[in-house]
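Trainee: One structure, as structure tokens, below. Some questions next.
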Amino acid sequence: RHELTALGGYYASDLFSGTWVLGGAYTYHMTDQTAVELGGGVTHANADIIRAIEDDRGQVLEDDYARVIYAESLLVWTPVYGKLRLGGSIAHFDLHLDAGFGVVDSTTSRGAMGVGGVGMKLFLGQAIALRIDARDRVFRQELLDEHFLVNDVAVTVGFSVFAPFGN
């Protein structure tokens, strides 16, 4: 089965202030429990905190609202399937774990990153699902002439469409 997802949410950066994130993903489900996913997103480096530090040092960042783009490749494992009653109807859901790698491109970081996360899909029909994901992206970032290994976390909500439309 194939899955296309559009998503958006909140991106919490180690070195910058939290901000929005928009992205998408294509997932190929090899079996009921395993899948591979290619995804990506765009956000920005919100440097509200850095501006306060820079007031004492003078301007250090050229662009304190710089674009951040990432692409990732993940293995997805779905160990839990279930049903729950919502009102008068039965809804299906699954819980999944993700692990993989990717690349990040911004003014403060370029290169490889590790990705890990958890998520849930609540199926609204046979071909549509509401998806919630929490992912941690670990990569190297340079800020104010220092190097850091950061854990940037994103929580996203999205809608998935599956093809073929039936099971």
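Chain labels A, B, ... are given in the sequence in which chains occur in the structure tokens; within each chain residues are numbered consecutively from 1, and ligands are likewise numbered from 1 in the order shown.
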Using only C-alpha atoms, determine which residues lie at most 12 Å from A:Thr27, disregarding the query and same-chain residues fewer than 2 positions distant; provide the list as number ranges by chain.

Mentor: A: 1-6, 24-25, 29-31, 34-40, 72-77, 98, 160-163

Trainee: Could you give me, as an MDAnalysis selection string, the residues within 6 Å of A:Ala154, counting only C-alpha atoms and dropping anything in the same chain fewer than 2 positions from it?

Mentor: chainID A and resid 10:11 134:135

Trainee: Let me see the file: selected residues, C-alpha atoms, as a PDB file, in the first residue's frame.

Mentor:
```pdb
ATOM      1  CA  TYR A  10       5.463  22.689  16.093  1.00  0.00           C
ATOM      2  CA  TYR A  11       9.279  22.516  15.852  1.00  0.00           C
ATOM      3  CA  ALA A 134       6.704  13.125  17.383  1.00  0.00           C
ATOM      4  CA  ARG A 135      10.247  12.955  15.987  1.00  0.00           C
TER       5      ARG A 135
END
```

Trainee: With DSSP run on the backbone, what are the strand (DSSP E or B) residues within stretch 26-150 of chain A? I'd like them as a ChimeraX atom specification.

Mentor: /A:26-29,34-46,65-86,89-105,110-123,128-143,146-150

Trainee: Smallest atom-to-atom distance to A:Gly41: which of A:Gly100, A:Gly18, A:Gly88, A:Gly8, using only C-alpha atoms?

Mentor: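 Result for the nearest residue to A:Gly41: A:Gly8.
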
Trainee: Contacts of A:Leu124 at 8 Å or less, counting only C-alpha atoms, minus same-chain residues fewer than 3 places along, as a ChimeraX atom specification?

Mentor: /A:91-92,127-130

Trainee: Can I get the selection written as an mmCIF file, in the first residue's frame, with N, CA and C atoms?

Mentor:
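Result went into out.cif, see below:
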```
data_model
loop_
_atom_site.group_PDB
_atom_site.id
_atom_site.type_symbol
_atom_site.label_atom_id
_atom_site.label_comp_id
_atom_site.auth_asym_id
_atom_site.auth_seq_id
_atom_site.Cartn_x
_atom_site.Cartn_y
_atom_site.Cartn_z
ATOM 1 N N ALA A 91 -13.563 3.063 15.415
ATOM 2 C CA ALA A 91 -12.432 3.627 14.681
ATOM 3 C C ALA A 91 -11.215 2.722 14.875
ATOM 4 N N HIS A 92 -10.459 2.540 13.808
ATOM 5 C CA HIS A 92 -9.225 1.759 13.847
ATOM 6 C C HIS A 92 -8.045 2.717 14.028
ATOM 7 N N ALA A 127 -9.355 4.701 3.331
ATOM 8 C CA ALA A 127 -8.267 5.328 2.581
ATOM 9 C C ALA A 127 -7.785 6.648 3.161
ATOM 10 N N ILE A 128 -8.297 7.060 4.329
ATOM 11 C CA ILE A 128 -7.915 8.342 4.926
ATOM 12 C C ILE A 128 -7.604 8.129 6.404
ATOM 13 N N ALA A 129 -6.558 8.797 6.879
ATOM 14 C CA ALA A 129 -6.190 8.688 8.294
ATOM 15 C C ALA A 129 -5.700 10.036 8.810
ATOM 16 N N LEU A 130 -5.965 10.283 10.072
ATOM 17 C CA LEU A 130 -5.387 11.402 10.799
ATOM 18 C C LEU A 130 -4.115 10.868 11.440
#
```

Trainee: What is the distance, in Å and to one decimal place, between atom CA of A:Arg137 and atom CA of A:Lys121?

Mentor: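 Taking atom CA of A:Arg137 and atom CA of A:Lys121, their separation equals 20.7 Å.
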
Trainee: Which parts of chain A does DSSP call helix (DSSP H, G or I) when run on the backbone here, written out as a tab-separated table (two decimals) with N, CA and C atoms, in the first residue's frame?

Mentor:
```tsv
chain	number	residue	atom	x	y	z
A	48	ASP	N	14.93	34.43	18.43
A	48	ASP	CA	14.53	35.37	19.48
A	48	ASP	C	15.50	35.35	20.66
A	49	ILE	N	15.90	34.15	21.08
A	49	ILE	CA	16.80	34.01	22.22
A	49	ILE	C	18.19	34.55	21.87
A	50	ILE	N	18.65	34.27	20.65
A	50	ILE	CA	19.99	34.68	20.25
A	50	ILE	C	20.10	36.21	20.19
A	51	ARG	N	19.02	36.89	19.80
A	51	ARG	CA	19.06	38.36	19.73
A	51	ARG	C	19.42	38.97	21.07
A	52	ALA	N	18.92	38.39	22.16
A	52	ALA	CA	19.23	38.91	23.50
A	52	ALA	C	20.72	38.75	23.81
A	53	ILE	N	21.32	37.64	23.41
A	53	ILE	CA	22.76	37.42	23.63
A	53	ILE	C	23.57	38.34	22.75
A	54	GLU	N	23.13	38.53	21.51
A	54	GLU	CA	23.88	39.35	20.56
A	54	GLU	C	23.88	40.82	20.93
A	55	ASP	N	22.92	41.30	21.71
A	55	ASP	CA	22.90	42.70	22.10
A	55	ASP	C	24.18	43.10	22.82
A	56	ASP	N	24.76	42.16	23.58
A	56	ASP	CA	26.01	42.44	24.29
A	56	ASP	C	27.23	42.28	23.39
A	57	ARG	N	27.16	41.41	22.39
A	57	ARG	CA	28.31	41.09	21.53
A	57	ARG	C	28.31	41.85	20.21
```

Trainee: Figure out the distance between atom CA of A:Tyr28 and atom CA of A:Leu7, please, to one decimal in Å.

Mentor: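 Taking atom CA of A:Leu7 as the start and atom CA of A:Tyr28 as the end point, the length is 17.0 Å.
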
Trainee: When you draw a straight line from atom CA of A:Pro164 to atom CA of A:Leu95, how long is it in Å?

Mentor: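 Straight-line distance from atom CA of A:Pro164 to atom CA of A:Leu95 works out to 21.2 Å.
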
Trainee: Using only C-alpha atoms, which residues sit within 10 Å of A:Ile132 once same-chain residues fewer than 6 positions away are excluded, as a PyMOL selection string?

Mentor: chain A and resi 7-9+95+118-122+155-159

Trainee: Taking 3 positions as the minimum chain separation for residues in the same chain, which residues sit within 6 Å of A:Val103 when counting only C-alpha atoms? Answer as a PyMOL selection string.

Mentor: chain A and resi 70-71+111-113

Trainee: Residues at most 9 Å from A:Leu149, counting only C-alpha atoms, excluding those fewer than 6 positions away in the same chain, as a PyMOL selection string?

Mentor: chain A and resi 138-142

Trainee: I need the residue nearest A:Thr107 from this list: A:Lys83, A:Arg131, A:His147, A:His44. Use only C-alpha atoms for the distance.

Mentor: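 Nearest to A:Thr107: A:His44.
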